[in-house]
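Below is one structure; the comments refer to it alone.
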Amino acid sequence: MSYLVAKYSPRSMKIIDGKAVAEEMKNSMKQEVLEYQKSTGRVPHLAAILVGNNPASKAYVGNKVRSCNQVGFKSTLIKLEETVSQDDLMKEIEKLNQDPDVDGFIVQLPLPKHIDEVKVTLAIDYRKDVDGFHPVNFGRMAQGLPCYLPATPYGITILLERYNIETAGKHVVVVGRSNIVGTPISILLSRKSKMGDATVTLTHSKTKNLHRILLDADIIIAAIGIPGFVKEDMVKQGAVVIDVGINRVEDESHQGPSKLVGDVDYEHVKNKCSFITPVPGGVGPMTVMGLMKNTFKSATKEIYP
Ligand code: NAD
C-alpha cells in the first residue's frame, strides 16, 4: 500500500489521485471478499434502485455495478419507470429490506419530482442503508458511534488519510450544506477522531463574506454544483482543495459535446494548492469505494451484529 507524504509546500502541488486509490482499495477488498466467501459460502450483495432515465444517474449506477463485479460482490439493479408511483417504489424498498440475501441497497438520487425523497430515505432499513443517509446512521455518525458513514464524506476522509493530510487543528471551510456531502463532512472533520479535530466553517448560499472566509482555509471542500465557483483569488497559498462537484458543461475546445468539471476553477487554482483533487478522477471514485466498504461491513455485520 503506497502512502503519499504531505509536505505543505506551495511549490510542490500534488494531485490527489482518487482513481488510483480506489483501484488499490478494490484490489485489497477483492482478497477480503474471497476470504469471506471461503468462510461463509456467500458473497456480499449490493442492490440499487434506479428510477427513470437520467443519464448521470445511469452512469453513476453503472459505475457501482462495475465496481461490484471488480471486487467480487453480487449486484442487483432494479430499474423503475420515471412514472413509478410512491407506493410502488416503497414496495420495492420493502422487498429489499426483507430479502435476507441483500446486504445493502441504495436508491439512486435525484428522484422524479412526484416522489418524496425523505419518505424514501426513511423507508430504507438503516441496517441496509449503505449510502449512510438514514437519520439513524446520520445521528450515530454525529455522536461518533459505529454506523455507515455517508459514502462521499467517507471517501473524502479516506483520501485525506491516504495522502497523510493532517486535519487536527486545521481550519476547514466546507462550501455547500447538503445532507449527503456538506453537512456530514463538516461533522466528520470536526469530531474528536483520527481524521477530525479540525475547526470547521460550514458555508452556504446565504453566507456573507465567503471570499474572506475561504482565504483563511487550510482545507477547502467544495460541494455546491456550480462549475468553477472557487477561483484562484479565494484560495490561500498552500491550501488543500477537495472538489466534490460534478458538473457537465460545453467543451470549449469543441473536441466533444460536453465535459465534466468540478466546483473549482482547477486550471487556475491548482498552482496555489499543496493538494488538489481533479474532476473527474478525484472524489467520484472514492464515493463508490465508501459504498463498497459499507456493503462489506454490512455483510460481515461489523456495524449492526
Ligand atoms: P446540493 O446540490 O444539494 O446543494 C448545493 C449546496 O450549495 C447548498 O447547500 C447551497 O446552499 C450551496 N450553494 C449554492 N450556491 C452557493 C453559493 N453561491 N455560495 C455558497 N454556497 C452555495 O449539494 P450536493 O448534493 O452536495 O451536490 C453538490 C455537487 O457535488 C454537485 O455538483 C453534485 O453533482 C456533486 N456531488 C458529487 C459527488 C461525488 O461523488 N463526487 C457526490 C455527491 C454530489
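Letters for chains follow the order of the C-alpha cells (A, B, ...), residue numbers begin at 1 for each chain, and ligand numbers begin at 1 in the order shown.
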Which residues of chain A have any atom within 8 Å of an atom in ligand 1 when counting only C-alpha atoms and all ligand atoms, and what is the closest pair of atoms for each, with the distance in Å to one decimal? Order the rows by chain and rising number and write it as a tab-separated table.
```
residue	atom	partner	partner_atom_place_in_ligand_line	distance
A:Ala151	CA	ligand 1	40 (O)	7.9
A:Thr152	CA	ligand 1	40 (O)	5.4
A:Val175	CA	ligand 1	21 (N)	5.3
A:Gly176	CA	ligand 1	7 (O)	3.6
A:Arg177	CA	ligand 1	9 (O)	3.7
A:Ser178	CA	ligand 1	3 (O)	4.6
A:Asn179	CA	ligand 1	26 (O)	7.1
A:Ile180	CA	ligand 1	26 (O)	5.8
A:Val181	CA	ligand 1	26 (O)	4.6
A:Gly182	CA	ligand 1	26 (O)	5.8
A:Thr203	CA	ligand 1	20 (C)	6.0
A:His204	CA	ligand 1	21 (N)	3.4
A:Ser205	CA	ligand 1	22 (C)	3.7
A:Lys206	CA	ligand 1	20 (C)	6.9
A:Thr207	CA	ligand 1	20 (C)	6.5
A:Leu210	CA	ligand 1	20 (C)	7.3
A:Ala222	CA	ligand 1	30 (O)	7.7
A:Ala223	CA	ligand 1	28 (C)	4.1
A:Ile224	CA	ligand 1	7 (O)	3.5
A:Gly225	CA	ligand 1	32 (O)	3.3
A:Ile226	CA	ligand 1	32 (O)	6.5
A:Pro227	CA	ligand 1	32 (O)	7.8
A:Phe229	CA	ligand 1	18 (N)	7.8
A:Asp243	CA	ligand 1	41 (N)	7.6
A:Val244	CA	ligand 1	41 (N)	4.4
A:Gly245	CA	ligand 1	32 (O)	3.6
A:Ile246	CA	ligand 1	32 (O)	4.0
A:Asn247	CA	ligand 1	32 (O)	5.2
A:Gly262	CA	ligand 1	32 (O)	6.9
A:Asp263	CA	ligand 1	32 (O)	6.8
A:Gly282	CA	ligand 1	41 (N)	7.5
A:Val283	CA	ligand 1	41 (N)	4.7
A:Gly284	CA	ligand 1	41 (N)	3.8
A:Pro285	CA	ligand 1	40 (O)	6.9
A:Met286	CA	ligand 1	40 (O)	7.0
A:Thr287	CA	ligand 1	40 (O)	4.7
A:Val288	CA	ligand 1	40 (O)	7.3
```
Exercise for review: Write out as a ChimeraX atom specification all residues of segment 148-212 of chain A that backbone DSSP assigns to helix (DSSP H, G or I).
Suggested key: /A:151-162,182-190,210-212
Exercise for review: Would you list the contacts of Lys26 of chain A as a list in words, taking every protein, DNA or RNA residue within 10 Å and counting only C-alpha atoms, but skipping same-chain residues closer than 3 positions in sequence?
Suggested key: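 Once the nearby chain positions are removed, what remains is Ala20, Val21, Ala22, Glu23, Met29, Lys30, Gln31, Glu32, Ser67, Cys68, Gln70, Val71, Gly72, Met289, Met292 and Lys293 of chain A.
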**Study point:** strand (DSSP E or B) positions in segment 2-161 of chain A, given as a list of chain:residue names
**Key:** A:Lys14, A:Ile15, A:His45, A:Leu46, A:Ala47, A:Ala48, A:Ile49, A:Leu50, A:Val51, A:Lys74, A:Ser75, A:Thr76, A:Leu77, A:Ile78, A:Lys79, A:Leu80, A:Gly104, A:Phe105, A:Ile106, A:Val107, A:Asp129
Exercise for review: Can you work out which one of A:Ala168, A:Ala123, A:Gly290, A:Val51 has the shortest atom-to-atom distance to Pro153 of chain A, counting only C-alpha atoms?
Suggested key: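 Answer, going by the shortest atom-to-atom distance: A:Gly290.
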